[in-house]
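Raw structure_22.cif, mmCIF, C-alpha atoms:
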```cif
data_work
#
loop_
_atom_site.label_atom_id
_atom_site.label_comp_id
_atom_site.auth_asym_id
_atom_site.auth_seq_id
_atom_site.Cartn_x
_atom_site.Cartn_y
_atom_site.Cartn_z
CA MET A 1 5.36 -16.06 -29.63
CA LYS A 2 2.41 -16.96 -31.82
CA LYS A 3 1.10 -14.87 -34.69
CA PRO A 4 -1.75 -12.83 -33.12
CA TYR A 5 -5.11 -14.39 -33.87
CA MET A 6 -7.32 -14.60 -30.75
CA ILE A 7 -7.74 -10.98 -29.70
CA GLN A 8 -10.49 -10.00 -27.29
CA ARG A 9 -11.98 -6.52 -27.63
CA MET A 10 -12.62 -4.72 -24.32
CA TYR A 11 -13.97 -1.48 -22.96
CA PHE A 12 -13.57 0.22 -19.61
CA LYS A 13 -16.35 0.10 -17.05
CA GLU A 14 -17.85 3.46 -16.10
CA ASP A 15 -17.22 3.53 -12.33
CA PRO A 16 -14.72 0.89 -11.21
CA PRO A 17 -14.10 0.60 -7.44
CA ASN A 18 -10.83 2.02 -6.06
CA ASP A 19 -9.36 -1.45 -5.54
CA PHE A 20 -10.50 -2.69 -8.94
CA SER A 21 -9.52 -6.10 -10.22
CA PHE A 22 -9.28 -6.93 -13.91
CA ASP A 23 -12.99 -7.80 -14.08
CA GLY A 24 -13.84 -4.67 -12.10
CA LEU A 25 -12.06 -2.42 -14.61
CA LEU A 26 -12.73 -4.00 -18.00
CA GLN A 27 -15.78 -5.37 -19.75
CA MET A 28 -15.33 -7.96 -22.49
CA ASP A 29 -17.03 -7.22 -25.80
CA TYR A 30 -19.10 -10.06 -27.25
CA MET A 31 -16.90 -11.74 -29.83
CA GLY A 32 -19.32 -14.23 -31.37
CA SER A 33 -16.88 -17.16 -31.32
CA ALA A 34 -16.97 -20.03 -28.85
CA GLU A 35 -13.17 -20.02 -28.58
CA PHE A 36 -13.42 -16.87 -26.45
CA GLU A 37 -15.85 -18.49 -24.02
CA PHE A 38 -14.23 -21.75 -22.91
CA GLY A 39 -11.52 -20.81 -20.43
CA ALA A 40 -9.02 -19.05 -22.68
CA LEU A 41 -9.54 -15.65 -21.02
CA PRO A 42 -9.03 -16.81 -17.40
CA GLN A 43 -6.04 -18.93 -18.47
CA SER A 44 -4.38 -15.92 -20.12
CA LEU A 45 -5.17 -13.70 -17.13
CA LYS A 46 -3.66 -16.31 -14.81
CA ILE A 47 -0.42 -16.29 -16.84
CA MET A 48 -0.34 -12.49 -16.85
CA CYS A 49 -0.95 -12.29 -13.09
CA LYS A 50 1.78 -14.80 -12.36
CA ASN A 51 4.31 -12.98 -14.58
CA ILE A 52 3.24 -9.32 -14.30
CA ASP A 53 6.53 -8.34 -12.65
CA ASP A 54 8.26 -9.35 -15.91
CA TYR A 55 5.95 -7.21 -18.05
CA ASN A 56 6.79 -3.85 -19.57
CA MET A 57 4.55 -1.08 -20.81
CA ILE A 58 5.75 1.01 -23.72
CA MET A 59 4.14 3.93 -25.50
CA LEU A 60 4.18 3.76 -29.28
CA LYS A 61 4.28 7.40 -30.32
CA GLU A 62 3.45 6.68 -33.96
CA TYR A 63 -0.05 5.43 -33.06
CA ILE A 64 -2.35 8.17 -31.79
CA ASN A 65 -6.11 7.88 -31.49
CA GLN A 66 -8.79 10.48 -32.21
CA SER A 67 -8.53 11.70 -28.58
CA ASN A 68 -4.80 12.38 -29.04
CA GLN A 69 -3.75 9.47 -26.82
CA ARG A 70 -0.76 7.33 -27.69
CA LEU A 71 -1.02 3.57 -27.95
CA CYS A 72 0.45 1.66 -25.02
CA LEU A 73 1.54 -1.94 -25.29
CA ILE A 74 1.67 -4.18 -22.20
CA ALA A 75 3.62 -7.37 -22.80
CA HIS A 76 6.19 -9.71 -21.32
CA LYS A 77 9.65 -8.20 -21.68
CA ASP A 78 10.79 -11.20 -23.76
CA ILE A 79 8.25 -10.65 -26.58
CA ILE A 80 7.44 -6.94 -26.49
CA ASP A 81 9.83 -6.01 -29.32
CA GLU A 82 8.68 -8.94 -31.44
CA TYR A 83 5.04 -7.90 -31.01
CA ILE A 84 5.38 -4.25 -32.11
CA PRO A 85 5.36 -4.92 -35.90
CA PHE A 86 1.92 -6.51 -35.58
CA ILE A 87 0.45 -3.19 -34.43
CA GLU A 88 1.03 -1.74 -37.91
CA LEU A 89 -0.71 -4.76 -39.43
CA PHE A 90 -3.67 -4.21 -37.10
CA LYS A 91 -3.80 -0.54 -38.12
CA GLU A 92 -3.75 -1.39 -41.81
CA ASP A 93 -6.20 -4.28 -41.27
CA LYS A 94 -3.65 -6.55 -42.95
CA ILE A 95 -3.69 -9.44 -40.50
CA TYR A 96 -6.42 -12.02 -40.18
CA THR A 97 -7.70 -12.41 -36.61
CA LYS A 98 -10.51 -14.65 -35.37
CA GLU A 99 -12.85 -11.65 -35.02
CA ARG A 100 -12.71 -8.00 -36.15
CA LEU A 101 -10.45 -5.80 -34.04
CA GLU A 102 -12.04 -2.44 -34.84
CA PHE A 103 -8.60 -0.97 -34.11
CA GLN A 104 -7.96 1.18 -37.18
CA VAL A 105 -11.12 3.25 -36.56
CA HIS A 106 -9.46 4.75 -33.47
CA ILE A 107 -6.49 6.01 -35.48
CA THR A 108 -8.13 6.98 -38.75
CA GLY A 109 -11.53 8.11 -37.47
CA LYS A 110 -13.03 6.06 -40.33
CA ASP A 111 -14.85 2.72 -40.32
CA LEU A 112 -13.96 -0.21 -42.60
CA PHE A 113 -15.94 1.41 -45.43
CA ASN A 114 -14.04 4.71 -45.04
CA ARG A 115 -17.08 6.45 -43.53
CA PRO A 116 -16.69 8.75 -40.52
CA ALA A 117 -16.68 6.72 -37.31
CA LYS A 118 -19.78 6.78 -35.14
CA GLN A 119 -19.51 7.00 -31.36
CA SER A 120 -20.54 3.34 -31.13
CA ASP A 121 -17.53 2.45 -33.32
CA LEU A 122 -15.24 3.94 -30.67
CA LYS A 123 -16.53 2.12 -27.58
CA ILE A 124 -13.73 -0.46 -27.72
CA LYS A 125 -10.78 0.91 -25.73
CA ALA A 126 -8.45 -2.06 -25.24
CA TRP A 127 -7.44 -5.29 -26.97
CA TRP A 128 -6.21 -8.49 -25.32
CA ASP A 129 -4.20 -11.05 -27.27
CA ILE A 130 -5.15 -14.09 -25.21
CA GLU A 131 -2.62 -16.42 -26.82
CA ASN A 132 0.41 -14.14 -26.36
CA HIS A 133 -0.88 -12.55 -23.12
CA VAL A 134 -0.52 -9.01 -24.48
CA ILE A 135 -2.82 -6.02 -23.99
CA PHE A 136 -2.81 -2.75 -25.88
CA THR A 137 -4.82 0.39 -25.21
CA PHE A 138 -4.69 4.10 -25.87
CA GLY A 139 -3.56 6.37 -23.04
CA LYS A 140 -0.89 5.91 -20.41
CA SER A 141 -3.39 6.15 -17.54
CA ASN A 142 -5.50 3.39 -19.12
CA ALA A 143 -2.41 1.19 -19.45
CA ASN A 144 -1.34 1.89 -15.88
CA ASN A 145 -4.84 1.06 -14.65
CA ILE A 146 -4.75 -2.26 -16.52
CA ILE A 147 -1.42 -3.13 -14.91
CA LYS A 148 -2.81 -2.13 -11.52
CA ALA A 149 -5.91 -4.28 -12.15
CA ILE A 150 -3.75 -7.29 -13.01
CA LYS A 151 -1.70 -6.80 -9.84
CA ASN A 152 -4.87 -6.35 -7.76
CA THR A 153 -6.26 -9.56 -9.25
CA ARG A 154 -3.04 -11.39 -8.36
CA GLU A 155 -3.25 -10.13 -4.77
CA LYS A 156 -6.90 -11.17 -4.53
CA LYS A 157 -6.07 -14.66 -5.78
CA LYS A 158 -3.11 -14.81 -3.40
CA SER A 159 -5.33 -13.92 -0.42
CA GLN A 160 -7.71 -16.70 -1.51
CA ASN A 161 -4.72 -19.07 -1.81
CA GLN A 162 -5.61 -19.96 -5.41
CA GLU A 163 -2.66 -21.80 -6.90
CA GLY A 164 -1.02 -20.69 -10.16
CA TRP A 165 -1.94 -17.00 -9.98
CA PHE A 166 1.15 -15.75 -8.14
#
```
Just give me the structure of the file as structure tokens.
Amino acid sequence: MKKPYMIQRMYFKEDPPNDFSFDGLLQMDYMGSAEFEFGALPQSLKIMCKNIDDYNMIMLKEYINQSNQRLCLIAHKDIIDEYIPFIELFKEDKIYTKERLEFQVHITGKDLFNRPAKQSDLKIKAWWDIENHVIFTFGKSNANNIIKAIKNTREKKKSQNQEGWF
């Protein structure tokens, strides 16, 4: 596992279709760095689709957002325990990532300058570590929908006979 660095911020689309794929459920936030735009996202999604049956989702009860939802971590079973300590570093803003995570605002209700969070500060609802193929979000239903979206994407790619996705 690599030290988390390339983490994509995401938010949920308003009205996803019933058979939503990953792109149908989640919208990527603009990150401002070219590294997020040259194939890293689809490559990570491909790895996650191929290995989703070996992924676990755990709820981390010590991390609760302003809506009283617990943080859920979706990761490969072989790295999930190793990844958990990084969540505290994200909360404390004590780890350098390529772009701002805007994670701590969900837990503290305060922005980086310790001012009350605005609604626009809270639009980000999920984070995707594209080098370790890990996603974290608040709320069990959100996490389950992400897992479902990954599985739906795998099935779509399978029906299109696209190699490497299943």
Report task. Please evaluate the PyMOL selection byres ((chain A and resi 61-70) around 6) against the displayed coordinates and give the resulting residues as a PyMOL selection string. Result -> chain A and resi 59-60+71+106-107+138-139
Just the selected residues (C-alpha atoms), exported as a compact mmCIF listing (two decimals), in the coordinates of the input, please.
```txt
# COMPACT_ATOMS: atom_id res chain seq x y z
CA MET A 59 4.14 3.93 -25.50
CA LEU A 60 4.18 3.76 -29.28
CA LEU A 71 -1.02 3.57 -27.95
CA HIS A 106 -9.46 4.75 -33.47
CA ILE A 107 -6.49 6.01 -35.48
CA PHE A 138 -4.69 4.10 -25.87
CA GLY A 139 -3.56 6.37 -23.04
```
Using only C-alpha atoms, which protein or nucleic acid residues come within 10 Å of Ser21 in chain A? Drop anything in the same chain fewer than 6 positions from it, and give the result as a CSV table (one decimal) with C-alpha atoms, keeping the file's coordinate frame.
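Wrote it out as out03.csv, contents follow:
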```csv
chain,number,residue,atom,x,y,z
A,145,ASN,CA,-4.8,1.1,-14.6
A,146,ILE,CA,-4.8,-2.3,-16.5
A,147,ILE,CA,-1.4,-3.1,-14.9
A,148,LYS,CA,-2.8,-2.1,-11.5
A,149,ALA,CA,-5.9,-4.3,-12.2
A,150,ILE,CA,-3.8,-7.3,-13.0
A,151,LYS,CA,-1.7,-6.8,-9.8
A,152,ASN,CA,-4.9,-6.4,-7.8
A,153,THR,CA,-6.3,-9.6,-9.2
A,154,ARG,CA,-3.0,-11.4,-8.4
A,155,GLU,CA,-3.2,-10.1,-4.8
A,156,LYS,CA,-6.9,-11.2,-4.5
```
Which residues of range 19-119 of chain A have any atom within 6 Å of an atom in range 126-136 of chain A when counting only C-alpha atoms, and what is the closest pair of atoms for each, with the distance in Å to one decimal? Order the rows by chain and rising number and write it as a Markdown table.
```
| residue | atom | partner | partner_atom | distance |
| --- | --- | --- | --- | --- |
| A:Ser44 | CA | A:Ile130 | CA | 5.5 |
| A:Cys72 | CA | A:Phe136 | CA | 5.6 |
| A:Leu73 | CA | A:Phe136 | CA | 4.5 |
| A:Ile74 | CA | A:Ile135 | CA | 5.2 |
| A:Ala75 | CA | A:Val134 | CA | 4.8 |
```
Residues of the last selection are to be written out with C-alpha atoms, as a PDB file, keeping the file's coordinate frame.
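Done, and the output landed in result-v4.pdb:
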```
ATOM      1  CA  SER A  44      -4.380 -15.920 -20.120  1.00  0.00           C
ATOM      2  CA  CYS A  72       0.450   1.660 -25.020  1.00  0.00           C
ATOM      3  CA  LEU A  73       1.540  -1.940 -25.290  1.00  0.00           C
ATOM      4  CA  ILE A  74       1.670  -4.180 -22.200  1.00  0.00           C
ATOM      5  CA  ALA A  75       3.620  -7.370 -22.800  1.00  0.00           C
TER       6      ALA A  75
END
```
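For the residues A:Lys140, A:Arg100, A:Lys125, A:Lys91, ranking by smallest atom-to-atom distance to Phe12 in chain A using only C-alpha atoms places A:Lys125 first.
One finds CA of Ala34 in chain A at 21.5 Å from CA of Phe103 in chain A.
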